[in-house]
>>> print(open('coords.csv').read())   # CSV, C-alpha atoms
chain,number,residue,atom,x,y,z
A,1,MET,CA,-79.3,-203.7,141.5
A,2,SER,CA,-77.6,-206.9,142.0
A,3,GLY,CA,-74.0,-207.1,143.3
A,4,GLU,CA,-72.5,-208.1,140.0
A,5,LEU,CA,-74.3,-205.3,138.1
A,6,LYS,CA,-73.0,-202.7,140.6
A,7,LYS,CA,-69.5,-204.1,140.2
A,8,ALA,CA,-69.8,-203.9,136.4
A,9,ALA,CA,-71.1,-200.3,136.6
A,10,LEU,CA,-68.3,-199.4,139.0
A,11,ALA,CA,-65.7,-201.1,136.7
A,12,LEU,CA,-67.1,-199.3,133.7
A,13,GLY,CA,-67.0,-195.9,135.5
A,14,ALA,CA,-63.4,-196.5,136.6
A,15,MET,CA,-62.4,-197.5,133.1
A,16,LEU,CA,-64.0,-194.3,131.7
A,17,VAL,CA,-62.1,-192.2,134.3
A,18,LEU,CA,-58.8,-193.9,133.4
A,19,GLN,CA,-59.5,-193.5,129.7
A,20,THR,CA,-60.2,-189.8,130.2
A,21,VAL,CA,-57.1,-189.3,132.3
A,22,GLY,CA,-55.0,-191.1,129.8
A,23,GLY,CA,-56.5,-189.0,127.0
A,24,LEU,CA,-55.8,-185.8,128.8
A,25,ILE,CA,-52.2,-186.8,129.5
A,26,TRP,CA,-51.7,-187.7,125.8
A,27,ALA,CA,-53.3,-184.4,124.7
A,28,GLY,CA,-50.9,-182.5,127.0
A,29,GLY,CA,-47.9,-184.3,125.6
A,30,ALA,CA,-49.1,-183.7,122.0
A,31,ALA,CA,-49.6,-180.0,122.8
A,32,ALA,CA,-46.0,-179.7,124.2
A,33,ARG,CA,-44.6,-181.4,121.0
A,34,ILE,CA,-46.6,-179.1,118.8
A,35,ALA,CA,-45.4,-176.1,120.7
A,36,THR,CA,-41.8,-177.3,120.3
A,37,LEU,CA,-42.3,-177.8,116.5
A,38,GLU,CA,-43.9,-174.4,116.1
A,39,ALA,CA,-40.9,-172.8,117.9
A,40,ARG,CA,-38.5,-174.6,115.6
A,41,VAL,CA,-40.4,-173.5,112.5
A,42,GLY,CA,-40.4,-169.9,113.7
A,43,GLU,CA,-36.6,-170.1,114.2
A,44,GLN,CA,-36.2,-171.6,110.7
A,45,ARG,CA,-38.3,-168.9,109.2
A,46,LEU,CA,-36.0,-166.2,110.7
A,47,VAL,CA,-32.9,-168.1,109.5
A,48,ALA,CA,-34.4,-168.4,106.0
A,49,GLU,CA,-35.2,-164.6,105.9
A,50,ARG,CA,-31.7,-163.8,107.0
A,51,LEU,CA,-30.2,-166.2,104.4
A,52,ALA,CA,-32.2,-164.5,101.7
A,53,ARG,CA,-30.9,-161.1,102.8
A,54,LEU,CA,-27.3,-162.4,102.8
A,55,GLU,CA,-27.8,-163.9,99.3
A,56,GLU,CA,-29.1,-160.6,98.0
A,57,GLN,CA,-26.2,-158.7,99.6
A,58,SER,CA,-23.8,-161.2,98.0
A,59,LEU,CA,-25.3,-160.6,94.6
A,60,ALA,CA,-25.2,-156.9,95.0
A,61,THR,CA,-21.5,-157.1,96.0
A,62,ARG,CA,-20.7,-159.3,93.0
A,63,ARG,CA,-22.4,-156.8,90.7
A,64,ALA,CA,-20.4,-153.9,92.3
A,65,VAL,CA,-17.1,-155.8,91.9
A,66,GLU,CA,-17.9,-156.6,88.3
A,67,ARG,CA,-18.7,-152.9,87.6
A,68,ILE,CA,-15.4,-151.9,89.2
A,69,GLU,CA,-13.5,-154.5,87.2
A,70,ARG,CA,-15.2,-153.4,84.0
A,71,VAL,CA,-14.2,-149.8,84.6
A,72,LEU,CA,-10.6,-150.7,85.5
A,73,VAL,CA,-10.3,-153.0,82.4
A,74,THR,CA,-11.7,-150.4,80.0
A,75,SER,CA,-9.5,-147.7,81.4
A,76,GLY,CA,-6.5,-149.9,80.8
A,77,GLU,CA,-5.4,-149.7,84.5
A,78,TRP,CA,-6.0,-153.4,85.1
A,79,ARG,CA,-5.7,-156.6,83.1
A,80,VAL,CA,-7.8,-159.6,84.0
A,81,THR,CA,-5.9,-162.8,84.3
A,82,SER,CA,-7.2,-166.4,84.5
A,83,ALA,CA,-6.5,-168.7,87.4
A,84,SER,CA,-3.5,-170.1,85.4
A,85,GLY,CA,-2.0,-166.6,85.2
A,86,GLU,CA,-2.8,-166.1,81.5
A,87,GLU,CA,-4.0,-162.7,80.4
A,88,GLN,CA,-7.5,-162.6,79.1
A,89,ALA,CA,-8.7,-160.1,76.6
A,90,ASP,CA,-12.1,-159.9,78.3
A,91,GLY,CA,-12.7,-161.0,81.9
A,92,PHE,CA,-16.4,-161.2,81.6
>>> encode(input="coords.csv", output="structure tokens")
Amino acid sequence: MSGELKKAALALGAMLVLQTVGGLIWAGGAAARIATLEARVGEQRLVAERLARLEEQSLATRRAVERIERVLVTSGEWRVTSASGEEQADGF
């Protein structure tokens, strides 16, 4: 092999090594970013589940309060008033 051909082969080999190292570094960074995003999604999933439970508990509480109000109104022990203070015949 001539001197220039050896230099070209050596330069090509060095470039391939540098490209490979760069690719591995990029892949490592991408894997770290993906792991971070997966952790965030997992946290959001837990928050979403908890929010759904809280919403359901809120609805159940609202239904219970409405039943209690209905019993009190029909028994005559309690009158429903509007925000302005006016009595309403039916609070529902």
>>> atom_distance(input="coords.csv", atom1="atom CA of Leu54 of chain A", atom2="atom CA of Glu38 of chain A")
24.4 Å
>>> atom_distance(input="coords.csv", atom1="atom CA of Ala30 of chain A", atom2="atom CA of Ala14 of chain A")
24.1 Å
>>> atom_distance(input="coords.csv", atom1="atom CA of Val65 of chain A", atom2="atom CA of Trp78 of chain A")
13.2 Å
>>> decode(input="coords.csv", residues="segment 13-60 of chain A", atoms="N, CA and C atoms", output="JSON list (two decimals), in the first residue's frame")
[["chain", "number", "residue", "atom", "x", "y", "z"],
["A", 13, "GLY", "N", -10.81, 4.82, 9.34],
["A", 13, "GLY", "CA", -10.99, 4.04, 10.56],
["A", 13, "GLY", "C", -11.22, 4.94, 11.77],
["A", 14, "ALA", "N", -10.44, 6.02, 11.86],
["A", 14, "ALA", "CA", -10.58, 6.96, 12.98],
["A", 14, "ALA", "C", -11.96, 7.62, 12.94],
["A", 15, "MET", "N", -12.43, 7.97, 11.74],
["A", 15, "MET", "CA", -13.75, 8.60, 11.62],
["A", 15, "MET", "C", -14.85, 7.61, 12.03],
["A", 16, "LEU", "N", -14.70, 6.35, 11.64],
["A", 16, "LEU", "CA", -15.69, 5.35, 12.03],
["A", 16, "LEU", "C", -15.72, 5.18, 13.55],
["A", 17, "VAL", "N", -14.55, 5.18, 14.18],
["A", 17, "VAL", "CA", -14.49, 5.06, 15.63],
["A", 17, "VAL", "C", -15.15, 6.27, 16.28],
["A", 18, "LEU", "N", -14.84, 7.46, 15.78],
["A", 18, "LEU", "CA", -15.44, 8.68, 16.34],
["A", 18, "LEU", "C", -16.95, 8.69, 16.13],
["A", 19, "GLN", "N", -17.41, 8.27, 14.97],
["A", 19, "GLN", "CA", -18.85, 8.21, 14.71],
["A", 19, "GLN", "C", -19.53, 7.22, 15.66],
["A", 20, "THR", "N", -18.88, 6.09, 15.88],
["A", 20, "THR", "CA", -19.44, 5.07, 16.77],
["A", 20, "THR", "C", -19.51, 5.59, 18.20],
["A", 21, "VAL", "N", -18.45, 6.23, 18.66],
["A", 21, "VAL", "CA", -18.44, 6.80, 20.01],
["A", 21, "VAL", "C", -19.52, 7.86, 20.14],
["A", 22, "GLY", "N", -19.62, 8.74, 19.15],
["A", 22, "GLY", "CA", -20.65, 9.77, 19.17],
["A", 22, "GLY", "C", -22.05, 9.18, 19.20],
["A", 23, "GLY", "N", -22.27, 8.13, 18.41],
["A", 23, "GLY", "CA", -23.57, 7.46, 18.39],
["A", 23, "GLY", "C", -23.90, 6.82, 19.73],
["A", 24, "LEU", "N", -22.91, 6.22, 20.36],
["A", 24, "LEU", "CA", -23.14, 5.61, 21.67],
["A", 24, "LEU", "C", -23.44, 6.66, 22.73],
["A", 25, "ILE", "N", -22.75, 7.78, 22.67],
["A", 25, "ILE", "CA", -23.02, 8.87, 23.62],
["A", 25, "ILE", "C", -24.43, 9.41, 23.40],
["A", 26, "TRP", "N", -24.81, 9.61, 22.14],
["A", 26, "TRP", "CA", -26.15, 10.10, 21.84],
["A", 26, "TRP", "C", -27.21, 9.11, 22.32],
["A", 27, "ALA", "N", -26.99, 7.82, 22.07],
["A", 27, "ALA", "CA", -27.95, 6.79, 22.50],
["A", 27, "ALA", "C", -28.07, 6.76, 24.02],
["A", 28, "GLY", "N", -26.97, 6.94, 24.73],
["A", 28, "GLY", "CA", -27.03, 6.98, 26.19],
["A", 28, "GLY", "C", -27.84, 8.17, 26.68],
["A", 29, "GLY", "N", -27.64, 9.32, 26.06],
["A", 29, "GLY", "CA", -28.42, 10.51, 26.43],
["A", 29, "GLY", "C", -29.89, 10.32, 26.13],
["A", 30, "ALA", "N", -30.20, 9.73, 24.98],
["A", 30, "ALA", "CA", -31.60, 9.48, 24.61],
["A", 30, "ALA", "C", -32.24, 8.51, 25.60],
["A", 31, "ALA", "N", -31.51, 7.49, 26.00],
["A", 31, "ALA", "CA", -32.05, 6.52, 26.97],
["A", 31, "ALA", "C", -32.35, 7.21, 28.30],
["A", 32, "ALA", "N", -31.48, 8.12, 28.73],
["A", 32, "ALA", "CA", -31.71, 8.83, 29.98],
["A", 32, "ALA", "C", -32.95, 9.72, 29.87],
["A", 33, "ARG", "N", -33.11, 10.40, 28.73],
["A", 33, "ARG", "CA", -34.30, 11.25, 28.54],
["A", 33, "ARG", "C", -35.57, 10.41, 28.52],
["A", 34, "ILE", "N", -35.52, 9.27, 27.87],
["A", 34, "ILE", "CA", -36.68, 8.38, 27.82],
["A", 34, "ILE", "C", -37.03, 7.88, 29.21],
["A", 35, "ALA", "N", -36.02, 7.51, 29.99],
["A", 35, "ALA", "CA", -36.27, 7.04, 31.36],
["A", 35, "ALA", "C", -36.93, 8.13, 32.21],
["A", 36, "THR", "N", -36.47, 9.38, 32.03],
["A", 36, "THR", "CA", -37.06, 10.50, 32.75],
["A", 36, "THR", "C", -38.52, 10.69, 32.35],
["A", 37, "LEU", "N", -38.80, 10.63, 31.07],
["A", 37, "LEU", "CA", -40.18, 10.79, 30.59],
["A", 37, "LEU", "C", -41.08, 9.65, 31.08],
["A", 38, "GLU", "N", -40.56, 8.43, 31.09],
["A", 38, "GLU", "CA", -41.34, 7.31, 31.59],
["A", 38, "GLU", "C", -41.68, 7.49, 33.07],
["A", 39, "ALA", "N", -40.73, 8.00, 33.84],
["A", 39, "ALA", "CA", -40.98, 8.25, 35.26],
["A", 39, "ALA", "C", -42.07, 9.30, 35.43],
["A", 40, "ARG", "N", -42.01, 10.36, 34.62],
["A", 40, "ARG", "CA", -43.04, 11.41, 34.70],
["A", 40, "ARG", "C", -44.41, 10.86, 34.34],
["A", 41, "VAL", "N", -44.48, 10.05, 33.30],
["A", 41, "VAL", "CA", -45.76, 9.47, 32.89],
["A", 41, "VAL", "C", -46.30, 8.57, 33.99],
["A", 42, "GLY", "N", -45.43, 7.81, 34.63],
["A", 42, "GLY", "CA", -45.86, 6.96, 35.74],
["A", 42, "GLY", "C", -46.43, 7.78, 36.88],
["A", 43, "GLU", "N", -45.78, 8.89, 37.21],
["A", 43, "GLU", "CA", -46.28, 9.77, 38.27],
["A", 43, "GLU", "C", -47.64, 10.37, 37.88],
["A", 44, "GLN", "N", -47.76, 10.79, 36.62],
["A", 44, "GLN", "CA", -49.02, 11.38, 36.17],
["A", 44, "GLN", "C", -50.15, 10.36, 36.19],
["A", 45, "ARG", "N", -49.82, 9.12, 35.89],
["A", 45, "ARG", "CA", -50.84, 8.07, 35.92],
["A", 45, "ARG", "C", -51.36, 7.90, 37.35],
["A", 46, "LEU", "N", -50.45, 7.91, 38.33],
["A", 46, "LEU", "CA", -50.88, 7.79, 39.72],
["A", 46, "LEU", "C", -51.73, 8.99, 40.14],
["A", 47, "VAL", "N", -51.34, 10.17, 39.71],
["A", 47, "VAL", "CA", -52.11, 11.37, 40.05],
["A", 47, "VAL", "C", -53.49, 11.31, 39.40],
["A", 48, "ALA", "N", -53.55, 10.85, 38.17],
["A", 48, "ALA", "CA", -54.84, 10.75, 37.47],
["A", 48, "ALA", "C", -55.76, 9.75, 38.16],
["A", 49, "GLU", "N", -55.21, 8.63, 38.61],
["A", 49, "GLU", "CA", -56.02, 7.65, 39.32],
["A", 49, "GLU", "C", -56.53, 8.23, 40.64],
["A", 50, "ARG", "N", -55.67, 8.93, 41.34],
["A", 50, "ARG", "CA", -56.08, 9.53, 42.61],
["A", 50, "ARG", "C", -57.16, 10.59, 42.38],
["A", 51, "LEU", "N", -56.99, 11.40, 41.34],
["A", 51, "LEU", "CA", -57.99, 12.42, 41.02],
["A", 51, "LEU", "C", -59.33, 11.78, 40.70],
["A", 52, "ALA", "N", -59.31, 10.69, 39.96],
["A", 52, "ALA", "CA", -60.56, 10.00, 39.63],
["A", 52, "ALA", "C", -61.25, 9.50, 40.90],
["A", 53, "ARG", "N", -60.47, 8.96, 41.83],
["A", 53, "ARG", "CA", -61.07, 8.51, 43.10],
["A", 53, "ARG", "C", -61.67, 9.68, 43.87],
["A", 54, "LEU", "N", -60.94, 10.80, 43.91],
["A", 54, "LEU", "CA", -61.45, 11.98, 44.62],
["A", 54, "LEU", "C", -62.72, 12.51, 43.98],
["A", 55, "GLU", "N", -62.77, 12.52, 42.65],
["A", 55, "GLU", "CA", -63.98, 12.98, 41.97],
["A", 55, "GLU", "C", -65.16, 12.07, 42.31],
["A", 56, "GLU", "N", -64.93, 10.77, 42.33],
["A", 56, "GLU", "CA", -66.00, 9.84, 42.65],
["A", 56, "GLU", "C", -66.46, 10.02, 44.10],
["A", 57, "GLN", "N", -65.52, 10.23, 45.00],
["A", 57, "GLN", "CA", -65.89, 10.48, 46.40],
["A", 57, "GLN", "C", -66.68, 11.77, 46.52],
["A", 58, "SER", "N", -66.30, 12.79, 45.76],
["A", 58, "SER", "CA", -67.02, 14.06, 45.78],
["A", 58, "SER", "C", -68.45, 13.88, 45.29],
["A", 59, "LEU", "N", -68.62, 13.12, 44.23],
["A", 59, "LEU", "CA", -69.98, 12.87, 43.72],
["A", 59, "LEU", "C", -70.81, 12.09, 44.74],
["A", 60, "ALA", "N", -70.20, 11.11, 45.39],
["A", 60, "ALA", "CA", -70.94, 10.33, 46.39],
["A", 60, "ALA", "C", -71.33, 11.22, 47.57]]
